[in-house]
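Have a look at the structure below, then the notes.
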Amino acid sequence: MDVNVTDLLVRIDRLESRHVMRDLVTDYCRGFDQRNFDRFLNIWWDDCVWNIGPPFGVFAGHAGINTAVKDVLWPVWRETHHLTSNLHVTFEGVDDARGECDVDCMGALTDNTVQMISATYRDHFVRRHGTWKIQRRDVVIHYFNPIPGAQMTAPQG
Amino acid sequence: MDVNVTDLLVRIDRLESRHVMRDLVTDYCRGFDQRNFDRFLNIWWDDCVWNIGPPFGVFAGHAGINTAVKDVLWPVWRETHHLTSNLHVTFEGVDDARGECDVDCMGALTDNTVQMISATYRDHFVRRHGTWKIQRRDVVIHYFNPIPGAQMTAPQG
Amino acid sequence: MDVNVTDLLVRIDRLESRHVMRDLVTDYCRGFDQRNFDRFLNIWWDDCVWNIGPPFGVFAGHAGINTAVKDVLWPVWRETHHLTSNLHVTFEGVDDARGECDVDCMGALTDNTVQMISATYRDHFVRRHGTWKIQRRDVVIHYFNPIPGAQMTAPQG
C-alpha cells in the first residue's frame with residue numbers, strides 16, 4: 001500500500017491536538033472552580049482576549065485575565081462548578097483552530113443563593129513553538145438565574 | 001519493527017471517525033438550540049428514522065425531520081439548551097457504528113416555565129461515500145419536569 | 001521523511017487508550033444508572049479501591065463494589081442520572097494513567113425528593129494484559145442538595 005507519511009503525521013497530530021484543546025477547555029473550568037490561578041492563566045496566550053460579554057465586559061492580556069478573575073468574578077462567588085459539553089473543533093491551519101462548546105455552570109454567590117448558568121464559549125486556539133493555547137474566547141451567556149429555595153452544601157463526614 | 005500499514009490506517013480512520021460522530025451528536029444540539037435547521041438536517045441520512053418516543057412519536061426521512069422540528073418541537077419551546085455527555089461508540093464495521101450518549105436539556109416553554117429534561121440517545125451511524133451521518137436515533141426520555149419558580153433570562157448589557 | 005515507527009505506534013496507542021478510559025468513565029454512569037451490575041463491575045480491577053468519601057466511606061475489591069452498590073447506594077435511590085464532563089487524562093507510563101473528571105448527577109430518592117449532586121472523580125487507570133480498567137477512584141462530592149418542590153417523572157405514551 002502506498003502511504004503518504006507526511007499526511008499520516010498531520011492526521012495523528014490533529015488527533016492529538018484535539019485532546020490538547022479539550023484539556024485547555026477543561027483547565028479553564030478546573031482552574032476557575034478550584035481557584036488555581038496558575039492553572040487558569042496557563043491556558044491563555046499573553047496577547048489573549050477574553051470577551052465575557054454583558055454584564056462583565058472584555059479583558060485583554062494576562063493583566064486583564066488577572067483583573068477579571070481576581071477582582072471581578074471570584075469575589076462574586078462562594079463556589080462554582082463549570083461542566084463543558086459539545087466541544088466542536090474546526091482546524092483552520094496546522095497551528096490554528098476554532099472551538100465551540102457549551103457550559104453548564106452551577107454556583108453559589110457569596111449570599112449563598114444558588115445560580116444556574118448556561119453559556120456557549122467560542123475559542124480561537126493557536127499553536128506557537130509547539131504549544132496550543134487560547135488566543136481568544138468569546139462568551140455568550142444564555143441564562144443566569146437562581147434556583148428558588150435551593151442550597152449548595154457538601155455532605156458531612 | 002514490522003508494521004501492518006493497512007491495519008494502522010484503519011486504526012487512524014476509526015479515531016478520526018469517533019470525532020466525526022461526536023460532531024454529529026453536537027450538531028443535533030446546536031442545530032436544534034440555535035434554530036439552524038440546515039445544520040440540524042445535515043446530520044441525518046435521507047432514509048433516517050428519528051424515534052423520539054412518547055409523547056412525540058416516530059418521524060422518518062428528511063420530511064419527517066422537518067415536521068418534527070418545525071411543526072412539533074420548536075413551537076413548544078421559547079429556548080432550549082442540550083448538553084450531551086457519556087458518548088460511547090461501538091464499531092460494527094468500517095462504515096457502521098452504534099452510539100449511546102446522555103443529554104441534559106434545560107429549556108423554557110412558550111409560557112416561560114423552565115423545564116429540566118434527561119434522556120438517552122441511541123444512534124446508528126452509517127458512512128456512505130466517505131461521509132458519516134445518523135441513520136437512526138432512538139430517544140428514551142427519563143424525566144421531563146419543571147423547576148418550580150425558576151426563570152430563564154440572559155444578563156442585560 | 002524519517003519516521004520512528006515505534007514512536008508512532010505509541011502515539012496511536014495513547015489516542016486509542018484515551019477513548020477506552022472515556023468508555024470506562026461512561027460505563028460507571030451507565031452501569032450504575034441502568035442498574036446493570038455486570039457492566040458496572042467490569043470497569044474495576046479486582047484489587048480496586050473506591051473511595052466515595054463522606055458519608056459513604058471506602059470500599060475495596062469486587063466484594064466492596066458489590067456492597068457499596070447493592071447494599072448502600074442503590075437502596076437509597078429510585079433513579080439516578082450521572083453525566084460526566086471535563087475528562088482530563090495524564091499518562092504516567094505506557095500502561096498507567098491518571099484521570100480527572102466532573103459529574104453532574106440528578107436523581108430521585110426513594111421518598112421521591114429530587115436531588116442535585118456535583119462531584120469530581122479522580123481515577124487511576126491501569127492496563128494489564130492489554131486491558132485498561134480502574135484501579136482506584138477517589139470521589140469528592142461538592143454538593144448534594146434537593147431541588148425544592150421538583151418532581152422527576154417520564155412522559156407518558
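Residues are referred to by chain and number: the chain letter is A, B, ... according to the order shown in the C-alpha cells, the number counts from 1 in that chain, and ligands are numbered separately from 1 in the order shown.
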Could you write out chain B as a short mmCIF file (atom, residue, chain, number, x, y, z; two decimals) with N, CA and C atoms, in the first residue's frame once it has been least-squares superposed on chain C using every ordered C-alpha pair?
```cif
data_model
loop_
_atom_site.label_atom_id
_atom_site.label_comp_id
_atom_site.auth_asym_id
_atom_site.auth_seq_id
_atom_site.Cartn_x
_atom_site.Cartn_y
_atom_site.Cartn_z
N MET B 1 10.82 11.36 4.33
CA MET B 1 10.74 11.73 5.75
C MET B 1 11.11 10.54 6.63
N ASP B 2 11.88 10.82 7.64
CA ASP B 2 12.32 9.77 8.55
C ASP B 2 11.32 9.65 9.71
N VAL B 3 10.70 8.50 9.80
CA VAL B 3 9.69 8.31 10.83
C VAL B 3 10.09 7.20 11.78
N ASN B 4 9.97 7.46 13.07
CA ASN B 4 10.20 6.45 14.07
C ASN B 4 8.89 5.70 14.28
N VAL B 5 8.84 4.49 13.73
CA VAL B 5 7.58 3.74 13.73
C VAL B 5 7.15 3.36 15.15
N THR B 6 8.12 3.01 15.97
CA THR B 6 7.78 2.65 17.36
C THR B 6 7.11 3.82 18.07
N ASP B 7 7.67 4.99 17.88
CA ASP B 7 7.09 6.21 18.47
C ASP B 7 5.68 6.46 17.95
N LEU B 8 5.49 6.24 16.66
CA LEU B 8 4.18 6.44 16.03
C LEU B 8 3.14 5.50 16.63
N LEU B 9 3.53 4.25 16.84
CA LEU B 9 2.60 3.26 17.40
C LEU B 9 2.23 3.60 18.84
N VAL B 10 3.19 4.14 19.59
CA VAL B 10 2.89 4.58 20.96
C VAL B 10 1.87 5.71 20.94
N ARG B 11 2.05 6.64 20.00
CA ARG B 11 1.12 7.77 19.91
C ARG B 11 -0.29 7.30 19.56
N ILE B 12 -0.39 6.39 18.62
CA ILE B 12 -1.71 5.88 18.24
C ILE B 12 -2.32 5.07 19.39
N ASP B 13 -1.50 4.31 20.07
CA ASP B 13 -1.98 3.55 21.23
C ASP B 13 -2.53 4.48 22.32
N ARG B 14 -1.87 5.59 22.52
CA ARG B 14 -2.35 6.54 23.54
C ARG B 14 -3.69 7.16 23.14
N LEU B 15 -3.80 7.49 21.86
CA LEU B 15 -5.07 8.05 21.38
C LEU B 15 -6.20 7.04 21.59
N GLU B 16 -5.92 5.79 21.26
CA GLU B 16 -6.94 4.75 21.45
C GLU B 16 -7.23 4.54 22.94
N SER B 17 -6.19 4.58 23.75
CA SER B 17 -6.37 4.37 25.19
C SER B 17 -7.24 5.45 25.81
N ARG B 18 -7.10 6.67 25.32
CA ARG B 18 -7.95 7.76 25.83
C ARG B 18 -9.43 7.43 25.66
N HIS B 19 -9.77 6.85 24.51
CA HIS B 19 -11.19 6.51 24.28
C HIS B 19 -11.62 5.35 25.18
N VAL B 20 -10.72 4.43 25.44
CA VAL B 20 -11.05 3.32 26.34
C VAL B 20 -11.32 3.86 27.75
N MET B 21 -10.51 4.80 28.20
CA MET B 21 -10.72 5.39 29.54
C MET B 21 -12.03 6.16 29.57
N ARG B 22 -12.28 6.90 28.49
CA ARG B 22 -13.57 7.62 28.38
C ARG B 22 -14.73 6.61 28.52
N ASP B 23 -14.60 5.44 27.90
CA ASP B 23 -15.65 4.42 27.99
C ASP B 23 -15.77 3.85 29.41
N LEU B 24 -14.65 3.71 30.12
CA LEU B 24 -14.71 3.24 31.51
C LEU B 24 -15.50 4.23 32.37
N VAL B 25 -15.20 5.52 32.17
CA VAL B 25 -15.90 6.57 32.92
C VAL B 25 -17.40 6.53 32.59
N THR B 26 -17.70 6.29 31.33
CA THR B 26 -19.11 6.21 30.90
C THR B 26 -19.79 4.97 31.47
N ASP B 27 -19.10 3.84 31.45
CA ASP B 27 -19.72 2.61 31.94
C ASP B 27 -20.03 2.66 33.44
N TYR B 28 -19.25 3.43 34.18
CA TYR B 28 -19.57 3.68 35.60
C TYR B 28 -20.96 4.31 35.69
N CYS B 29 -21.20 5.32 34.88
CA CYS B 29 -22.50 6.02 34.88
C CYS B 29 -23.62 5.09 34.41
N ARG B 30 -23.40 4.47 33.27
CA ARG B 30 -24.43 3.63 32.66
C ARG B 30 -24.75 2.41 33.51
N GLY B 31 -23.68 1.76 33.98
CA GLY B 31 -23.89 0.57 34.80
C GLY B 31 -24.68 0.91 36.05
N PHE B 32 -24.30 2.03 36.69
CA PHE B 32 -24.97 2.42 37.92
C PHE B 32 -26.41 2.85 37.65
N ASP B 33 -26.60 3.72 36.67
CA ASP B 33 -27.92 4.30 36.41
C ASP B 33 -28.91 3.26 35.87
N GLN B 34 -28.41 2.36 35.04
CA GLN B 34 -29.28 1.32 34.45
C GLN B 34 -29.37 0.08 35.34
N ARG B 35 -28.74 0.16 36.50
CA ARG B 35 -28.71 -0.97 37.45
C ARG B 35 -28.24 -2.27 36.76
N ASN B 36 -27.20 -2.08 35.93
CA ASN B 36 -26.56 -3.21 35.26
C ASN B 36 -25.25 -3.46 36.01
N PHE B 37 -25.31 -4.35 37.00
CA PHE B 37 -24.16 -4.53 37.88
C PHE B 37 -22.95 -5.10 37.15
N ASP B 38 -23.18 -6.01 36.20
CA ASP B 38 -22.06 -6.59 35.45
C ASP B 38 -21.29 -5.50 34.70
N ARG B 39 -22.04 -4.59 34.08
CA ARG B 39 -21.38 -3.51 33.34
C ARG B 39 -20.61 -2.61 34.30
N PHE B 40 -21.19 -2.37 35.47
CA PHE B 40 -20.52 -1.53 36.46
C PHE B 40 -19.26 -2.21 36.99
N LEU B 41 -19.39 -3.48 37.34
CA LEU B 41 -18.26 -4.20 37.96
C LEU B 41 -17.10 -4.35 36.99
N ASN B 42 -17.42 -4.45 35.70
CA ASN B 42 -16.41 -4.74 34.69
C ASN B 42 -15.38 -3.63 34.51
N ILE B 43 -15.65 -2.43 35.02
CA ILE B 43 -14.69 -1.33 34.87
C ILE B 43 -13.58 -1.39 35.93
N TRP B 44 -13.77 -2.21 36.96
CA TRP B 44 -12.86 -2.22 38.12
C TRP B 44 -11.93 -3.43 38.11
N TRP B 45 -10.63 -3.21 38.41
CA TRP B 45 -9.73 -4.31 38.68
C TRP B 45 -10.14 -4.96 40.01
N ASP B 46 -9.82 -6.22 40.17
CA ASP B 46 -10.31 -6.91 41.38
C ASP B 46 -9.57 -6.48 42.66
N ASP B 47 -8.47 -5.74 42.51
CA ASP B 47 -7.81 -5.17 43.69
C ASP B 47 -8.09 -3.66 43.80
N CYS B 48 -9.26 -3.25 43.32
CA CYS B 48 -9.59 -1.82 43.25
C CYS B 48 -9.92 -1.22 44.60
N VAL B 49 -9.85 0.12 44.62
CA VAL B 49 -10.31 0.89 45.79
C VAL B 49 -11.27 1.96 45.27
N TRP B 50 -12.43 2.04 45.90
CA TRP B 50 -13.43 3.05 45.55
C TRP B 50 -13.67 3.88 46.80
N ASN B 51 -13.01 5.03 46.82
CA ASN B 51 -13.10 5.92 47.97
C ASN B 51 -14.17 6.97 47.69
N ILE B 52 -15.39 6.71 48.17
CA ILE B 52 -16.51 7.61 47.87
C ILE B 52 -16.51 8.81 48.81
N GLY B 53 -15.82 8.68 49.94
CA GLY B 53 -15.76 9.79 50.90
C GLY B 53 -17.03 9.87 51.73
N PRO B 54 -17.09 10.91 52.59
CA PRO B 54 -18.24 11.07 53.48
C PRO B 54 -19.53 11.29 52.68
N PRO B 55 -20.65 10.75 53.12
CA PRO B 55 -20.82 9.92 54.32
C PRO B 55 -20.71 8.43 54.02
N PHE B 56 -20.21 8.06 52.81
CA PHE B 56 -20.31 6.66 52.37
C PHE B 56 -19.11 5.79 52.75
N GLY B 57 -17.89 6.35 52.64
CA GLY B 57 -16.71 5.60 53.05
C GLY B 57 -15.92 5.01 51.90
N VAL B 58 -15.05 4.04 52.24
CA VAL B 58 -14.12 3.44 51.30
C VAL B 58 -14.48 1.97 51.11
N PHE B 59 -14.46 1.52 49.85
CA PHE B 59 -14.80 0.13 49.54
C PHE B 59 -13.67 -0.47 48.71
N ALA B 60 -13.30 -1.72 49.01
CA ALA B 60 -12.15 -2.33 48.36
C ALA B 60 -12.51 -3.65 47.68
N GLY B 61 -11.93 -3.86 46.50
CA GLY B 61 -12.12 -5.11 45.79
C GLY B 61 -13.53 -5.27 45.22
N HIS B 62 -13.72 -6.35 44.48
CA HIS B 62 -15.03 -6.57 43.86
C HIS B 62 -16.10 -6.81 44.92
N ALA B 63 -15.71 -7.39 46.06
CA ALA B 63 -16.68 -7.58 47.14
C ALA B 63 -17.13 -6.23 47.69
N GLY B 64 -16.18 -5.30 47.80
CA GLY B 64 -16.51 -3.96 48.28
C GLY B 64 -17.43 -3.21 47.31
N ILE B 65 -17.16 -3.36 46.00
CA ILE B 65 -18.01 -2.74 44.98
C ILE B 65 -19.43 -3.28 45.11
N ASN B 66 -19.51 -4.57 45.28
CA ASN B 66 -20.81 -5.24 45.42
C ASN B 66 -21.59 -4.67 46.62
N THR B 67 -20.92 -4.54 47.74
CA THR B 67 -21.56 -3.99 48.95
C THR B 67 -21.99 -2.54 48.74
N ALA B 68 -21.07 -1.73 48.21
CA ALA B 68 -21.36 -0.30 48.04
C ALA B 68 -22.58 -0.09 47.14
N VAL B 69 -22.60 -0.81 46.03
CA VAL B 69 -23.67 -0.60 45.05
C VAL B 69 -24.99 -1.20 45.53
N LYS B 70 -24.94 -2.47 45.92
CA LYS B 70 -26.20 -3.19 46.18
C LYS B 70 -26.76 -2.94 47.57
N ASP B 71 -25.88 -2.72 48.55
CA ASP B 71 -26.37 -2.56 49.94
C ASP B 71 -26.44 -1.11 50.39
N VAL B 72 -25.58 -0.25 49.79
CA VAL B 72 -25.50 1.13 50.29
C VAL B 72 -26.19 2.12 49.34
N LEU B 73 -25.82 2.09 48.04
CA LEU B 73 -26.22 3.19 47.15
C LEU B 73 -27.56 2.95 46.44
N TRP B 74 -27.67 1.82 45.75
CA TRP B 74 -28.92 1.59 45.02
C TRP B 74 -30.16 1.64 45.93
N PRO B 75 -30.09 1.11 47.16
CA PRO B 75 -31.30 1.17 48.00
C PRO B 75 -31.78 2.58 48.33
N VAL B 76 -30.87 3.56 48.24
CA VAL B 76 -31.22 4.95 48.59
C VAL B 76 -32.01 5.64 47.46
N TRP B 77 -31.72 5.20 46.22
CA TRP B 77 -32.22 5.91 45.03
C TRP B 77 -33.37 5.18 44.35
N ARG B 78 -34.33 5.97 43.86
CA ARG B 78 -35.35 5.42 42.97
C ARG B 78 -34.80 5.45 41.54
N GLU B 79 -34.05 6.50 41.21
CA GLU B 79 -33.39 6.59 39.91
C GLU B 79 -32.25 7.60 39.99
N THR B 80 -31.23 7.42 39.13
CA THR B 80 -30.09 8.35 39.06
C THR B 80 -29.72 8.60 37.59
N HIS B 81 -29.07 9.75 37.36
CA HIS B 81 -28.63 10.12 36.02
C HIS B 81 -27.29 10.83 36.15
N HIS B 82 -26.20 10.09 35.93
CA HIS B 82 -24.84 10.63 36.04
C HIS B 82 -24.37 11.13 34.67
N LEU B 83 -23.98 12.40 34.61
CA LEU B 83 -23.40 12.93 33.36
C LEU B 83 -21.98 13.43 33.67
N THR B 84 -21.00 12.89 32.98
CA THR B 84 -19.60 13.27 33.24
C THR B 84 -19.10 14.26 32.20
N SER B 85 -18.16 15.07 32.62
CA SER B 85 -17.65 16.17 31.81
C SER B 85 -16.19 16.42 32.16
N ASN B 86 -15.51 17.18 31.28
CA ASN B 86 -14.15 17.67 31.61
C ASN B 86 -13.15 16.56 31.91
N LEU B 87 -13.24 15.43 31.22
CA LEU B 87 -12.26 14.35 31.48
C LEU B 87 -10.86 14.78 31.05
N HIS B 88 -9.93 14.70 31.97
CA HIS B 88 -8.54 15.10 31.74
C HIS B 88 -7.66 13.90 32.07
N VAL B 89 -6.93 13.39 31.07
CA VAL B 89 -6.10 12.20 31.24
C VAL B 89 -4.62 12.58 31.20
N THR B 90 -3.85 12.07 32.13
CA THR B 90 -2.40 12.25 32.14
C THR B 90 -1.73 10.88 32.18
N PHE B 91 -0.93 10.57 31.17
CA PHE B 91 -0.23 9.29 31.14
C PHE B 91 0.97 9.33 32.08
N GLU B 92 1.13 8.26 32.85
CA GLU B 92 2.30 8.14 33.72
C GLU B 92 3.19 6.99 33.26
N GLY B 93 2.76 6.30 32.23
CA GLY B 93 3.51 5.19 31.66
C GLY B 93 2.68 4.61 30.54
N VAL B 94 3.22 3.61 29.88
CA VAL B 94 2.50 3.01 28.76
C VAL B 94 1.18 2.40 29.25
N ASP B 95 1.19 1.87 30.45
CA ASP B 95 0.03 1.14 30.98
C ASP B 95 -0.53 1.77 32.24
N ASP B 96 -0.31 3.05 32.39
CA ASP B 96 -0.62 3.71 33.66
C ASP B 96 -1.03 5.16 33.37
N ALA B 97 -2.21 5.54 33.86
CA ALA B 97 -2.67 6.91 33.60
C ALA B 97 -3.57 7.40 34.73
N ARG B 98 -3.60 8.73 34.88
CA ARG B 98 -4.46 9.37 35.86
C ARG B 98 -5.56 10.12 35.12
N GLY B 99 -6.78 10.03 35.65
CA GLY B 99 -7.90 10.75 35.07
C GLY B 99 -8.57 11.62 36.11
N GLU B 100 -9.12 12.73 35.64
CA GLU B 100 -9.90 13.59 36.52
C GLU B 100 -11.10 14.03 35.69
N CYS B 101 -12.30 13.89 36.24
CA CYS B 101 -13.48 14.37 35.53
C CYS B 101 -14.51 14.84 36.55
N ASP B 102 -15.49 15.58 36.06
CA ASP B 102 -16.56 16.09 36.92
C ASP B 102 -17.86 15.42 36.55
N VAL B 103 -18.73 15.29 37.55
CA VAL B 103 -20.03 14.67 37.29
C VAL B 103 -21.14 15.57 37.81
N ASP B 104 -22.18 15.64 37.02
CA ASP B 104 -23.45 16.22 37.45
C ASP B 104 -24.40 15.04 37.56
N CYS B 105 -24.90 14.81 38.74
CA CYS B 105 -25.84 13.69 38.92
C CYS B 105 -27.18 14.23 39.43
N MET B 106 -28.22 13.93 38.67
CA MET B 106 -29.57 14.24 39.10
C MET B 106 -30.22 12.91 39.48
N GLY B 107 -31.01 12.93 40.54
CA GLY B 107 -31.65 11.68 40.94
C GLY B 107 -32.85 11.91 41.82
N ALA B 108 -33.61 10.84 42.01
CA ALA B 108 -34.74 10.88 42.93
C ALA B 108 -34.52 9.81 43.99
N LEU B 109 -34.63 10.22 45.26
CA LEU B 109 -34.53 9.25 46.35
C LEU B 109 -35.79 8.39 46.39
N THR B 110 -35.77 7.36 47.22
CA THR B 110 -36.96 6.49 47.30
C THR B 110 -38.17 7.25 47.84
N ASP B 111 -37.96 8.37 48.54
CA ASP B 111 -39.10 9.19 48.99
C ASP B 111 -39.50 10.22 47.92
N ASN B 112 -38.91 10.08 46.71
CA ASN B 112 -39.23 10.91 45.53
C ASN B 112 -38.66 12.32 45.55
N THR B 113 -37.94 12.71 46.60
CA THR B 113 -37.31 14.03 46.54
C THR B 113 -36.25 14.01 45.43
N VAL B 114 -36.18 15.12 44.70
CA VAL B 114 -35.22 15.25 43.61
C VAL B 114 -33.94 15.89 44.14
N GLN B 115 -32.83 15.22 43.90
CA GLN B 115 -31.54 15.68 44.39
C GLN B 115 -30.63 16.07 43.24
N MET B 116 -29.85 17.13 43.46
CA MET B 116 -28.80 17.52 42.50
C MET B 116 -27.46 17.32 43.21
N ILE B 117 -26.54 16.67 42.50
CA ILE B 117 -25.24 16.34 43.09
C ILE B 117 -24.15 16.76 42.12
N SER B 118 -23.08 17.30 42.67
CA SER B 118 -21.89 17.62 41.89
C SER B 118 -20.70 16.99 42.56
N ALA B 119 -19.85 16.35 41.77
CA ALA B 119 -18.66 15.70 42.34
C ALA B 119 -17.53 15.70 41.33
N THR B 120 -16.31 15.45 41.83
CA THR B 120 -15.15 15.22 40.97
C THR B 120 -14.64 13.81 41.22
N TYR B 121 -14.34 13.10 40.14
CA TYR B 121 -13.76 11.76 40.23
C TYR B 121 -12.28 11.84 39.86
N ARG B 122 -11.43 11.27 40.69
CA ARG B 122 -10.01 11.16 40.34
C ARG B 122 -9.69 9.67 40.23
N ASP B 123 -9.24 9.27 39.02
CA ASP B 123 -9.07 7.85 38.72
C ASP B 123 -7.62 7.47 38.47
N HIS B 124 -7.31 6.24 38.85
CA HIS B 124 -6.05 5.63 38.44
C HIS B 124 -6.40 4.49 37.51
N PHE B 125 -6.09 4.69 36.22
CA PHE B 125 -6.33 3.67 35.20
C PHE B 125 -5.07 2.83 35.03
N VAL B 126 -5.22 1.52 35.04
CA VAL B 126 -4.07 0.63 34.85
C VAL B 126 -4.41 -0.39 33.76
N ARG B 127 -3.43 -0.63 32.87
CA ARG B 127 -3.62 -1.64 31.82
C ARG B 127 -2.84 -2.90 32.19
N ARG B 128 -3.54 -4.01 32.20
CA ARG B 128 -2.92 -5.30 32.48
C ARG B 128 -3.32 -6.28 31.38
N HIS B 129 -2.32 -6.99 30.85
CA HIS B 129 -2.58 -7.95 29.77
C HIS B 129 -3.42 -7.32 28.67
N GLY B 130 -3.16 -6.04 28.38
CA GLY B 130 -3.80 -5.37 27.25
C GLY B 130 -5.15 -4.74 27.55
N THR B 131 -5.62 -4.84 28.80
CA THR B 131 -6.94 -4.29 29.14
C THR B 131 -6.83 -3.18 30.19
N TRP B 132 -7.43 -2.02 29.87
CA TRP B 132 -7.49 -0.90 30.81
C TRP B 132 -8.68 -1.06 31.75
N LYS B 133 -8.46 -0.88 33.05
CA LYS B 133 -9.55 -0.80 34.01
C LYS B 133 -9.17 0.21 35.10
N ILE B 134 -10.14 0.51 35.95
CA ILE B 134 -9.89 1.44 37.05
C ILE B 134 -9.33 0.69 38.25
N GLN B 135 -8.18 1.14 38.74
CA GLN B 135 -7.59 0.53 39.92
C GLN B 135 -8.03 1.27 41.17
N ARG B 136 -8.24 2.59 41.03
CA ARG B 136 -8.68 3.39 42.18
C ARG B 136 -9.49 4.59 41.70
N ARG B 137 -10.59 4.86 42.38
CA ARG B 137 -11.36 6.08 42.15
C ARG B 137 -11.60 6.78 43.48
N ASP B 138 -11.17 8.04 43.55
CA ASP B 138 -11.45 8.90 44.70
C ASP B 138 -12.52 9.90 44.30
N VAL B 139 -13.55 9.99 45.11
CA VAL B 139 -14.67 10.88 44.83
C VAL B 139 -14.66 12.04 45.82
N VAL B 140 -14.81 13.26 45.30
CA VAL B 140 -15.05 14.42 46.16
C VAL B 140 -16.43 14.98 45.80
N ILE B 141 -17.35 14.92 46.75
CA ILE B 141 -18.69 15.45 46.51
C ILE B 141 -18.70 16.93 46.89
N HIS B 142 -19.06 17.78 45.91
CA HIS B 142 -19.07 19.24 46.15
C HIS B 142 -20.38 19.68 46.79
N TYR B 143 -21.48 19.13 46.31
CA TYR B 143 -22.77 19.43 46.95
C TYR B 143 -23.73 18.28 46.68
N PHE B 144 -24.76 18.21 47.50
CA PHE B 144 -25.74 17.11 47.45
C PHE B 144 -26.98 17.69 48.13
N ASN B 145 -27.88 18.26 47.30
CA ASN B 145 -29.01 19.03 47.84
C ASN B 145 -30.28 18.81 47.04
N PRO B 146 -31.43 18.95 47.67
CA PRO B 146 -32.69 18.84 46.94
C PRO B 146 -32.97 20.07 46.07
N ILE B 147 -33.75 19.86 45.00
CA ILE B 147 -34.35 20.97 44.26
C ILE B 147 -35.76 21.11 44.82
N PRO B 148 -35.98 22.20 45.58
CA PRO B 148 -37.26 22.31 46.31
C PRO B 148 -38.48 22.22 45.39
N GLY B 149 -39.38 21.30 45.73
CA GLY B 149 -40.64 21.18 45.02
C GLY B 149 -40.61 20.42 43.71
N ALA B 150 -39.41 19.98 43.28
CA ALA B 150 -39.30 19.35 41.96
C ALA B 150 -39.75 17.88 42.00
N GLN B 151 -40.28 17.43 40.88
CA GLN B 151 -40.62 16.03 40.66
C GLN B 151 -39.71 15.48 39.57
N MET B 152 -39.64 14.16 39.46
CA MET B 152 -38.87 13.52 38.40
C MET B 152 -39.74 12.41 37.80
N THR B 153 -40.33 12.71 36.63
CA THR B 153 -41.23 11.74 36.00
C THR B 153 -41.05 11.73 34.49
N ALA B 154 -41.22 10.57 33.88
CA ALA B 154 -41.11 10.43 32.43
C ALA B 154 -42.46 10.75 31.78
N PRO B 155 -42.40 11.27 30.54
CA PRO B 155 -43.67 11.52 29.82
C PRO B 155 -44.39 10.19 29.56
N GLN B 156 -45.72 10.24 29.54
CA GLN B 156 -46.49 9.03 29.28
C GLN B 156 -46.87 8.95 27.80
N GLY B 157 -46.98 7.73 27.30
CA GLY B 157 -47.28 7.52 25.88
C GLY B 157 -48.76 7.77 25.56
#
```
DSSP strand (DSSP E) residues within region 8-155 of chain A, as number ranges by chain: A: 44-53, 57-60, 77-93, 96-109, 114-128, 131-146
Restricted to C-alpha atoms, what would the selected residues look like written as a tab-separated table (two decimals), in the first residue's frame?
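What landed in part21.tsv:
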```tsv
chain	number	residue	atom	x	y	z
A	44	TRP	CA	-4.14	31.83	27.68
A	45	TRP	CA	-1.58	33.39	25.32
A	46	ASP	CA	-0.25	36.65	26.72
A	47	ASP	CA	-1.91	38.62	23.90
A	48	CYS	CA	-5.28	36.95	24.59
A	49	VAL	CA	-8.76	38.46	24.56
A	50	TRP	CA	-11.48	37.20	26.91
A	51	ASN	CA	-14.78	38.66	25.85
A	52	ILE	CA	-17.20	37.64	28.60
A	53	GLY	CA	-19.93	39.95	27.36
A	57	GLY	CA	-17.08	43.11	29.56
A	58	VAL	CA	-13.87	42.43	27.64
A	59	PHE	CA	-10.50	41.67	29.21
A	60	ALA	CA	-7.15	41.63	27.36
A	77	TRP	CA	-18.91	33.54	44.02
A	78	ARG	CA	-18.64	31.35	47.08
A	79	GLU	CA	-18.20	28.35	44.77
A	80	THR	CA	-18.65	27.41	41.08
A	81	HIS	CA	-18.90	24.19	39.06
A	82	HIS	CA	-18.35	24.53	35.30
A	83	LEU	CA	-19.19	21.48	33.15
A	84	THR	CA	-18.44	21.73	29.43
A	85	SER	CA	-20.10	19.75	26.66
A	86	ASN	CA	-20.45	19.54	22.89
A	87	LEU	CA	-16.89	20.64	22.04
A	88	HIS	CA	-16.66	21.12	18.27
A	89	VAL	CA	-13.22	21.84	16.76
A	90	THR	CA	-12.56	23.14	13.24
A	91	PHE	CA	-8.98	23.35	12.01
A	92	GLU	CA	-8.09	26.45	10.01
A	93	GLY	CA	-4.42	25.55	9.64
A	96	ASP	CA	-4.83	27.37	14.09
A	97	ALA	CA	-8.27	26.07	15.12
A	98	ARG	CA	-11.70	27.26	16.17
A	99	GLY	CA	-13.62	25.66	19.02
A	100	GLU	CA	-17.20	25.92	20.17
A	101	CYS	CA	-18.54	24.32	23.33
A	102	ASP	CA	-21.37	24.73	25.81
A	103	VAL	CA	-21.13	25.08	29.54
A	104	ASP	CA	-23.50	24.35	32.38
A	105	CYS	CA	-22.32	26.22	35.45
A	106	MET	CA	-23.87	25.77	38.86
A	107	GLY	CA	-22.70	28.01	41.65
A	108	ALA	CA	-23.44	29.75	44.92
A	109	LEU	CA	-23.00	33.51	45.30
A	114	VAL	CA	-27.74	29.02	44.12
A	115	GLN	CA	-27.41	30.10	40.49
A	116	MET	CA	-27.75	28.09	37.28
A	117	ILE	CA	-25.91	29.43	34.23
A	118	SER	CA	-25.80	28.31	30.63
A	119	ALA	CA	-23.33	29.72	28.11
A	120	THR	CA	-21.52	29.00	24.85
A	121	TYR	CA	-17.77	29.51	24.51
A	122	ARG	CA	-16.24	30.26	21.11
A	123	ASP	CA	-12.47	29.84	21.13
A	124	HIS	CA	-9.56	30.62	18.88
A	125	PHE	CA	-6.82	28.10	19.61
A	126	VAL	CA	-3.34	28.97	18.33
A	127	ARG	CA	-0.18	26.85	18.47
A	128	ARG	CA	3.13	28.67	18.89
A	131	THR	CA	2.21	24.70	22.34
A	132	TRP	CA	-1.55	25.19	21.92
A	133	LYS	CA	-3.24	27.92	23.97
A	134	ILE	CA	-6.34	30.09	23.73
A	135	GLN	CA	-5.81	33.36	21.90
A	136	ARG	CA	-9.44	34.50	22.17
A	137	ARG	CA	-12.59	33.32	23.94
A	138	ASP	CA	-16.00	34.88	23.28
A	139	VAL	CA	-18.70	34.01	25.78
A	140	VAL	CA	-22.44	34.16	25.15
A	141	ILE	CA	-24.46	33.73	28.35
A	142	HIS	CA	-27.88	32.20	27.59
A	143	TYR	CA	-29.30	32.44	31.10
A	144	PHE	CA	-28.15	33.26	34.62
A	145	ASN	CA	-30.89	32.65	37.21
A	146	PRO	CA	-31.40	31.40	40.75
```
